[in-house]
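**Q** Can you read through this structure? Questions will come right after.
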Amino acid sequence: MSSLADSLIGRIRKQRDLVQAMDEHCQSISARVTSRDGNVSVEVDGLGAMTGLWLGPAAHKLGADALAKLIVETAGAAAQVATARQQFLSQEFAARMRELQQAPLTRWDGGSFEPER
């Protein structure tokens, strides 16, 4: 037999596990983008901070200003990809958390209790 308290504790555990999974997923987000010409590849973390930079064999032929511009543009594109992934995860997290909060709780007699919304 399950009590309302047991049901509530079970929900809290599921919410805790969801928050932990969200944190792990967010920390593992990365994105790598390569420029169209293949001269620059940039990797960023989930916050858009650059974690890797690779230059192709012909990158030096672009000149300093053009290469700098290409690096910045490629890093910006990678940051946009990481942001999109972060937003997707946030939306999924919010939907799953809502589901947990709206799920009825089970009383000791097998009946259900639905918290006010």
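Chains: A, B, ... in order of the structure tokens. Residues: from 1 per chain. Ligands: from 1, in order shown.
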At a cut-off of 7 Å, using only C-alpha atoms, what residues contact segment 79-81 of chain A? Leave out same-chain residues fewer than 5 positions from it and give the result as a count of residues only.

**A** 3

**Q** Where in segment 1-80 of chain A does DSSP assign helix (DSSP H, G or I), given as a PyMOL selection string?

**A** chain A and resi 4-28+59-62+64-80

**Q** Within 12 Å of Arg96 of chain A, counting only C-alpha atoms, which residues qualify if same-chain residues fewer than 3 places away don't, as a JSON list (two decimals) with N, CA and C atoms, in the first residue's frame?

**A**
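Dumped to out.json:
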```json
[["chain", "number", "residue", "atom", "x", "y", "z"],
["A", 11, "ARG", "N", 7.51, 11.35, -6.61],
["A", 11, "ARG", "CA", 7.50, 12.45, -7.58],
["A", 11, "ARG", "C", 8.72, 13.34, -7.40],
["A", 14, "LYS", "N", 11.72, 11.73, -8.90],
["A", 14, "LYS", "CA", 11.71, 11.84, -10.36],
["A", 14, "LYS", "C", 12.10, 13.24, -10.80],
["A", 15, "GLN", "N", 11.62, 14.26, -10.08],
["A", 15, "GLN", "CA", 11.99, 15.64, -10.41],
["A", 15, "GLN", "C", 13.48, 15.87, -10.19],
["A", 16, "ARG", "N", 14.00, 15.34, -9.09],
["A", 16, "ARG", "CA", 15.44, 15.46, -8.82],
["A", 16, "ARG", "C", 16.26, 14.79, -9.93],
["A", 17, "ASP", "N", 15.84, 13.59, -10.32],
["A", 17, "ASP", "CA", 16.55, 12.88, -11.38],
["A", 17, "ASP", "C", 16.49, 13.64, -12.69],
["A", 18, "LEU", "N", 15.34, 14.26, -12.96],
["A", 18, "LEU", "CA", 15.19, 15.06, -14.18],
["A", 18, "LEU", "C", 16.12, 16.27, -14.16],
["A", 19, "VAL", "N", 16.20, 16.94, -13.02],
["A", 19, "VAL", "CA", 17.09, 18.10, -12.89],
["A", 19, "VAL", "C", 18.55, 17.67, -13.07],
["A", 21, "ALA", "N", 19.66, 15.05, -14.75],
["A", 21, "ALA", "CA", 19.87, 14.69, -16.15],
["A", 21, "ALA", "C", 19.99, 15.95, -17.00],
["A", 22, "MET", "N", 19.16, 16.95, -16.72],
["A", 22, "MET", "CA", 19.22, 18.21, -17.47],
["A", 22, "MET", "C", 20.59, 18.87, -17.28],
["A", 89, "LEU", "N", 16.76, 21.49, -25.18],
["A", 89, "LEU", "CA", 16.80, 20.80, -23.89],
["A", 89, "LEU", "C", 15.94, 21.51, -22.84],
["A", 90, "SER", "N", 15.97, 22.83, -22.84],
["A", 90, "SER", "CA", 15.17, 23.59, -21.87],
["A", 90, "SER", "C", 13.68, 23.37, -22.10],
["A", 91, "GLN", "N", 13.27, 23.34, -23.34],
["A", 91, "GLN", "CA", 11.86, 23.10, -23.65],
["A", 91, "GLN", "C", 11.43, 21.69, -23.24],
["A", 92, "GLU", "N", 12.28, 20.71, -23.53],
["A", 92, "GLU", "CA", 11.98, 19.33, -23.13],
["A", 92, "GLU", "C", 11.92, 19.21, -21.61],
["A", 93, "PHE", "N", 12.86, 19.84, -20.94],
["A", 93, "PHE", "CA", 12.88, 19.81, -19.47],
["A", 93, "PHE", "C", 11.59, 20.40, -18.91],
["A", 99, "GLU", "N", 4.68, 17.71, -16.74],
["A", 99, "GLU", "CA", 4.01, 16.40, -16.67],
["A", 99, "GLU", "C", 4.11, 15.81, -15.27],
["A", 100, "LEU", "N", 5.29, 15.90, -14.69],
["A", 100, "LEU", "CA", 5.46, 15.37, -13.33],
["A", 100, "LEU", "C", 4.60, 16.13, -12.32],
["A", 101, "GLN", "N", 4.56, 17.45, -12.46],
["A", 101, "GLN", "CA", 3.79, 18.25, -11.51],
["A", 101, "GLN", "C", 2.29, 18.05, -11.65],
["A", 102, "GLN", "N", 1.84, 17.69, -12.85],
["A", 102, "GLN", "CA", 0.42, 17.53, -13.09],
["A", 102, "GLN", "C", -0.07, 16.10, -12.89],
["A", 103, "ALA", "N", 0.85, 15.17, -12.75],
["A", 103, "ALA", "CA", 0.47, 13.77, -12.56],
["A", 103, "ALA", "C", -0.22, 13.62, -11.21]]
```

**Q** For Gly76 of chain A, find every residue with an atom within 10 Å (counting only C-alpha atoms), except residues of its own chain fewer than 6 positions away, and show them as a list in words.

**A** Val33, Val42, Val44, Gly48, Ala49, Met50, Leu70 and Ala82 of chain A

**Q** Limited to N, CA, C and O atoms, could you put the picked residues into a file as an mmCIF file, in the first residue's frame?

**A**
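Contents of result13.cif, as written:
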```
data_model
loop_
_atom_site.group_PDB
_atom_site.id
_atom_site.type_symbol
_atom_site.label_atom_id
_atom_site.label_comp_id
_atom_site.auth_asym_id
_atom_site.auth_seq_id
_atom_site.Cartn_x
_atom_site.Cartn_y
_atom_site.Cartn_z
ATOM 1 N N VAL A 33 31.515 23.637 -35.893
ATOM 2 C CA VAL A 33 31.124 24.136 -37.209
ATOM 3 C C VAL A 33 32.386 24.405 -38.017
ATOM 4 O O VAL A 33 33.370 24.930 -37.491
ATOM 5 N N VAL A 42 35.523 25.505 -35.708
ATOM 6 C CA VAL A 42 35.464 25.998 -34.333
ATOM 7 C C VAL A 42 34.530 25.101 -33.539
ATOM 8 O O VAL A 42 33.452 24.737 -34.001
ATOM 9 N N VAL A 44 32.574 24.894 -29.746
ATOM 10 C CA VAL A 44 32.175 25.688 -28.579
ATOM 11 C C VAL A 44 31.457 24.788 -27.582
ATOM 12 O O VAL A 44 30.934 23.733 -27.941
ATOM 13 N N GLY A 48 28.631 28.672 -25.512
ATOM 14 C CA GLY A 48 29.163 29.381 -26.670
ATOM 15 C C GLY A 48 30.626 29.743 -26.557
ATOM 16 O O GLY A 48 31.173 30.401 -27.438
ATOM 17 N N ALA A 49 31.289 29.316 -25.486
ATOM 18 C CA ALA A 49 32.718 29.604 -25.317
ATOM 19 C C ALA A 49 33.530 28.668 -26.198
ATOM 20 O O ALA A 49 33.287 27.463 -26.239
ATOM 21 N N MET A 50 34.502 29.214 -26.904
ATOM 22 C CA MET A 50 35.325 28.421 -27.806
ATOM 23 C C MET A 50 36.169 27.426 -27.023
ATOM 24 O O MET A 50 36.852 27.775 -26.073
ATOM 25 N N LEU A 70 36.736 35.259 -40.542
ATOM 26 C CA LEU A 70 36.212 33.914 -40.749
ATOM 27 C C LEU A 70 36.144 33.138 -39.439
ATOM 28 O O LEU A 70 35.179 32.406 -39.193
ATOM 29 N N ALA A 82 24.940 25.624 -30.614
ATOM 30 C CA ALA A 82 24.926 25.258 -29.198
ATOM 31 C C ALA A 82 23.716 25.865 -28.496
ATOM 32 O O ALA A 82 23.069 25.205 -27.670
#
```

**Q** Excluding same-chain residues fewer than 6 positions from Cys26 of chain A, what lies within 10 Å of it counting only C-alpha atoms, as an MDAnalysis selection string?

**A** chainID A and resid 20 45:47 82 85:87 89:90

**Q** Would you save the residues from that selection as a PDB file, in the first residue's frame, using N, CA and C atoms?

**A**
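Output contents, as saved in part.pdb:
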```
ATOM      1  N   GLN A  20      18.931  16.538 -12.481  1.00  0.00           N
ATOM      2  CA  GLN A  20      20.304  16.047 -12.622  1.00  0.00           C
ATOM      3  C   GLN A  20      20.613  15.701 -14.081  1.00  0.00           C
ATOM      4  N   ASP A  45      31.405  25.237 -26.331  1.00  0.00           N
ATOM      5  CA  ASP A  45      30.650  24.512 -25.319  1.00  0.00           C
ATOM      6  C   ASP A  45      29.204  25.011 -25.312  1.00  0.00           C
ATOM      7  N   GLY A  46      28.422  24.537 -24.370  1.00  0.00           N
ATOM      8  CA  GLY A  46      27.006  24.895 -24.299  1.00  0.00           C
ATOM      9  C   GLY A  46      26.737  26.362 -24.039  1.00  0.00           C
ATOM     10  N   LEU A  47      27.729  27.076 -23.570  1.00  0.00           N
ATOM     11  CA  LEU A  47      27.572  28.508 -23.330  1.00  0.00           C
ATOM     12  C   LEU A  47      28.113  29.345 -24.488  1.00  0.00           C
ATOM     13  N   ALA A  82      24.940  25.624 -30.614  1.00  0.00           N
ATOM     14  CA  ALA A  82      24.926  25.258 -29.198  1.00  0.00           C
ATOM     15  C   ALA A  82      23.716  25.865 -28.496  1.00  0.00           C
ATOM     16  N   ARG A  85      20.605  23.912 -29.304  1.00  0.00           N
ATOM     17  CA  ARG A  85      20.573  22.664 -28.538  1.00  0.00           C
ATOM     18  C   ARG A  85      20.160  22.929 -27.094  1.00  0.00           C
ATOM     19  N   GLN A  86      20.683  24.001 -26.531  1.00  0.00           N
ATOM     20  CA  GLN A  86      20.338  24.382 -25.162  1.00  0.00           C
ATOM     21  C   GLN A  86      18.840  24.698 -25.052  1.00  0.00           C
ATOM     22  N   GLN A  87      18.322  25.432 -26.022  1.00  0.00           N
ATOM     23  CA  GLN A  87      16.897  25.780 -26.015  1.00  0.00           C
ATOM     24  C   GLN A  87      16.029  24.541 -26.134  1.00  0.00           C
ATOM     25  N   LEU A  89      16.763  21.486 -25.177  1.00  0.00           N
ATOM     26  CA  LEU A  89      16.800  20.801 -23.888  1.00  0.00           C
ATOM     27  C   LEU A  89      15.942  21.509 -22.845  1.00  0.00           C
ATOM     28  N   SER A  90      15.974  22.828 -22.838  1.00  0.00           N
ATOM     29  CA  SER A  90      15.173  23.587 -21.872  1.00  0.00           C
ATOM     30  C   SER A  90      13.684  23.369 -22.098  1.00  0.00           C
TER      31      SER A  90
END
```

**Q** Please list as a ChimeraX atom specification every residue within 8 Å of Glu43 of chain A, counting only C-alpha atoms and excluding residues in the same chain fewer than 3 positions away.

**A** /A:30-33,50-53,75,78

**Q** Using the selection just defined, write its residues with N, CA and C atoms as an mmCIF file, in the first residue's frame.

**A**
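Output below, filename again_2.cif:
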```
data_model
loop_
_atom_site.group_PDB
_atom_site.id
_atom_site.type_symbol
_atom_site.label_atom_id
_atom_site.label_comp_id
_atom_site.auth_asym_id
_atom_site.auth_seq_id
_atom_site.Cartn_x
_atom_site.Cartn_y
_atom_site.Cartn_z
ATOM 1 N N SER A 30 28.043 20.568 -26.904
ATOM 2 C CA SER A 30 29.107 21.209 -27.663
ATOM 3 C C SER A 30 28.661 21.238 -29.115
ATOM 4 N N ALA A 31 29.260 22.115 -29.860
ATOM 5 C CA ALA A 31 28.947 22.209 -31.287
ATOM 6 C C ALA A 31 30.232 22.524 -32.035
ATOM 7 N N ARG A 32 30.373 21.887 -33.173
ATOM 8 C CA ARG A 32 31.537 22.150 -34.008
ATOM 9 C C ARG A 32 31.045 22.512 -35.400
ATOM 10 N N VAL A 33 31.515 23.637 -35.893
ATOM 11 C CA VAL A 33 31.124 24.136 -37.209
ATOM 12 C C VAL A 33 32.386 24.405 -38.017
ATOM 13 N N MET A 50 34.502 29.214 -26.904
ATOM 14 C CA MET A 50 35.325 28.421 -27.806
ATOM 15 C C MET A 50 36.169 27.426 -27.023
ATOM 16 N N THR A 51 36.099 26.179 -27.446
ATOM 17 C CA THR A 51 36.887 25.120 -26.811
ATOM 18 C C THR A 51 37.872 24.491 -27.787
ATOM 19 N N GLY A 52 37.743 24.843 -29.067
ATOM 20 C CA GLY A 52 38.669 24.309 -30.046
ATOM 21 C C GLY A 52 38.676 25.140 -31.310
ATOM 22 N N LEU A 53 39.838 25.234 -31.932
ATOM 23 C CA LEU A 53 39.991 25.979 -33.183
ATOM 24 C C LEU A 53 40.968 25.216 -34.065
ATOM 25 N N ALA A 75 32.828 30.870 -35.344
ATOM 26 C CA ALA A 75 32.551 30.726 -33.908
ATOM 27 C C ALA A 75 31.120 31.148 -33.599
ATOM 28 N N ALA A 78 28.812 28.363 -34.643
ATOM 29 C CA ALA A 78 28.876 27.259 -33.681
ATOM 30 C C ALA A 78 28.100 27.608 -32.412
#
```

**Q** Please run DSSP on the backbone and report, as a PyMOL selection string, all residues within chain A that come out as strand (DSSP E or B).

**A** chain A and resi 30-34+40-45+50-55+105-106+112-113

**Q** Just write the chosen residues, all heavy atoms, as a compact mmCIF listing (two decimals), in the first residue's frame.

**A**
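What ended up in result23.txt:
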```txt
# COMPACT_ATOMS: atom_id res chain seq x y z
N SER A 30 28.04 20.57 -26.90
CA SER A 30 29.11 21.21 -27.66
C SER A 30 28.66 21.24 -29.12
O SER A 30 27.76 20.50 -29.51
CB SER A 30 30.44 20.47 -27.52
OG SER A 30 30.38 19.21 -28.16
N ALA A 31 29.26 22.12 -29.86
CA ALA A 31 28.95 22.21 -31.29
C ALA A 31 30.23 22.52 -32.04
O ALA A 31 31.06 23.32 -31.58
CB ALA A 31 27.91 23.30 -31.53
N ARG A 32 30.37 21.89 -33.17
CA ARG A 32 31.54 22.15 -34.01
C ARG A 32 31.05 22.51 -35.40
O ARG A 32 30.25 21.79 -35.99
CB ARG A 32 32.44 20.92 -34.07
CG ARG A 32 33.72 21.17 -34.85
CD ARG A 32 34.66 20.00 -34.72
NE ARG A 32 35.84 20.23 -35.54
CZ ARG A 32 36.90 19.45 -35.52
NH1 ARG A 32 36.93 18.40 -34.73
NH2 ARG A 32 37.93 19.71 -36.30
N VAL A 33 31.52 23.64 -35.89
CA VAL A 33 31.12 24.14 -37.21
C VAL A 33 32.39 24.40 -38.02
O VAL A 33 33.37 24.93 -37.49
CB VAL A 33 30.26 25.42 -37.08
CG1 VAL A 33 30.03 26.06 -38.44
CG2 VAL A 33 28.94 25.12 -36.40
N THR A 34 32.32 24.04 -39.28
CA THR A 34 33.42 24.29 -40.21
C THR A 34 32.96 25.29 -41.25
O THR A 34 31.83 25.20 -41.75
CB THR A 34 33.87 22.99 -40.90
OG1 THR A 34 34.29 22.06 -39.88
CG2 THR A 34 35.02 23.22 -41.86
N VAL A 40 38.43 26.95 -41.61
CA VAL A 40 38.31 27.15 -40.17
C VAL A 40 37.26 26.20 -39.61
O VAL A 40 36.17 26.08 -40.17
CB VAL A 40 37.91 28.62 -39.84
CG1 VAL A 40 37.63 28.79 -38.36
CG2 VAL A 40 38.99 29.59 -40.28
N SER A 41 37.59 25.56 -38.51
CA SER A 41 36.62 24.79 -37.72
C SER A 41 36.70 25.30 -36.30
O SER A 41 37.80 25.51 -35.76
CB SER A 41 36.95 23.29 -37.74
OG SER A 41 36.71 22.74 -39.00
N VAL A 42 35.52 25.50 -35.71
CA VAL A 42 35.46 26.00 -34.33
C VAL A 42 34.53 25.10 -33.54
O VAL A 42 33.45 24.74 -34.00
CB VAL A 42 34.95 27.46 -34.28
CG1 VAL A 42 34.77 27.91 -32.84
CG2 VAL A 42 35.90 28.39 -35.01
N GLU A 43 34.95 24.78 -32.33
CA GLU A 43 34.11 24.02 -31.40
C GLU A 43 33.83 24.92 -30.21
O GLU A 43 34.73 25.63 -29.73
CB GLU A 43 34.81 22.75 -30.95
CG GLU A 43 33.94 21.86 -30.06
CD GLU A 43 34.65 20.56 -29.74
OE1 GLU A 43 35.54 20.59 -28.87
OE2 GLU A 43 34.31 19.56 -30.36
N VAL A 44 32.57 24.89 -29.75
CA VAL A 44 32.18 25.69 -28.58
C VAL A 44 31.46 24.79 -27.58
O VAL A 44 30.93 23.73 -27.94
CB VAL A 44 31.26 26.88 -28.97
CG1 VAL A 44 31.97 27.83 -29.91
CG2 VAL A 44 29.95 26.40 -29.57
N ASP A 45 31.40 25.24 -26.33
CA ASP A 45 30.65 24.51 -25.32
C ASP A 45 29.20 25.01 -25.31
O ASP A 45 28.82 25.83 -26.16
CB ASP A 45 31.31 24.64 -23.94
CG ASP A 45 31.32 26.07 -23.40
OD1 ASP A 45 30.61 26.95 -23.90
OD2 ASP A 45 32.07 26.30 -22.42
N MET A 50 34.50 29.21 -26.90
CA MET A 50 35.32 28.42 -27.81
C MET A 50 36.17 27.43 -27.02
O MET A 50 36.85 27.77 -26.07
CB MET A 50 36.23 29.34 -28.63
CG MET A 50 36.96 28.61 -29.74
SD MET A 50 38.11 29.65 -30.69
CE MET A 50 37.05 30.92 -31.33
N THR A 51 36.10 26.18 -27.45
CA THR A 51 36.89 25.12 -26.81
C THR A 51 37.87 24.49 -27.79
O THR A 51 38.72 23.70 -27.38
CB THR A 51 35.97 24.01 -26.24
OG1 THR A 51 35.16 23.49 -27.30
CG2 THR A 51 35.09 24.55 -25.13
N GLY A 52 37.74 24.84 -29.07
CA GLY A 52 38.67 24.31 -30.05
C GLY A 52 38.68 25.14 -31.31
O GLY A 52 37.65 25.72 -31.69
N LEU A 53 39.84 25.23 -31.93
CA LEU A 53 39.99 25.98 -33.18
C LEU A 53 40.97 25.22 -34.07
O LEU A 53 42.07 24.89 -33.64
CB LEU A 53 40.53 27.39 -32.90
CG LEU A 53 40.92 28.24 -34.11
CD1 LEU A 53 39.69 28.54 -34.97
CD2 LEU A 53 41.58 29.54 -33.66
N TRP A 54 40.53 24.93 -35.30
CA TRP A 54 41.37 24.23 -36.25
C TRP A 54 41.43 25.04 -37.54
O TRP A 54 40.40 25.53 -38.01
CB TRP A 54 40.81 22.84 -36.56
CG TRP A 54 40.78 21.96 -35.35
CD1 TRP A 54 41.74 21.09 -34.95
CD2 TRP A 54 39.73 21.87 -34.38
NE1 TRP A 54 41.37 20.46 -33.79
CE2 TRP A 54 40.13 20.92 -33.42
CE3 TRP A 54 38.50 22.51 -34.22
CZ2 TRP A 54 39.34 20.58 -32.32
CZ3 TRP A 54 37.71 22.17 -33.13
CH2 TRP A 54 38.14 21.23 -32.20
N LEU A 55 42.61 25.18 -38.06
CA LEU A 55 42.81 25.91 -39.31
C LEU A 55 43.23 24.93 -40.40
O LEU A 55 44.08 24.07 -40.17
CB LEU A 55 43.87 26.99 -39.13
CG LEU A 55 43.59 28.03 -38.05
CD1 LEU A 55 44.74 29.01 -37.94
CD2 LEU A 55 42.28 28.76 -38.32
N LEU A 105 -1.31 12.13 -7.67
CA LEU A 105 -0.63 11.40 -6.62
C LEU A 105 -1.56 10.28 -6.14
O LEU A 105 -2.77 10.43 -6.18
CB LEU A 105 -0.28 12.34 -5.46
CG LEU A 105 0.66 13.49 -5.81
CD1 LEU A 105 0.75 14.47 -4.66
CD2 LEU A 105 2.03 12.97 -6.19
N THR A 106 -0.99 9.19 -5.66
CA THR A 106 -1.78 8.05 -5.22
C THR A 106 -1.92 8.07 -3.70
O THR A 106 -0.93 8.20 -2.97
CB THR A 106 -1.11 6.73 -5.66
OG1 THR A 106 -0.93 6.77 -7.08
CG2 THR A 106 -1.96 5.54 -5.30
N SER A 112 -6.77 8.64 -6.16
CA SER A 112 -5.78 9.62 -6.60
C SER A 112 -6.13 11.01 -6.09
O SER A 112 -7.29 11.31 -5.80
CB SER A 112 -5.66 9.63 -8.11
OG SER A 112 -6.87 10.02 -8.71
N PHE A 113 -5.08 11.79 -5.99
CA PHE A 113 -5.20 13.18 -5.56
C PHE A 113 -4.53 14.04 -6.63
O PHE A 113 -3.38 13.79 -6.98
CB PHE A 113 -4.51 13.37 -4.21
CG PHE A 113 -4.36 14.80 -3.79
CD1 PHE A 113 -5.41 15.51 -3.29
CD2 PHE A 113 -3.12 15.44 -3.96
CE1 PHE A 113 -5.25 16.84 -2.92
CE2 PHE A 113 -2.96 16.76 -3.60
CZ PHE A 113 -4.04 17.46 -3.08
```

**Q** Quick one: residues within 10 Å of Asp37 of chain A, only C-alpha atoms counted, chain neighbours fewer than 4 positions away excluded, as a ChimeraX atom specification?

**A** /A:56,58-59,70

**Q** For a test of reading the model, state the distance in Å between atom CA of Asn39 of chain A and atom CA of Gln27 of chain A, rounded to one decimal.

**A**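 Going from atom CA of Asn39 of chain A over to atom CA of Gln27 of chain A covers 28.0 Å.
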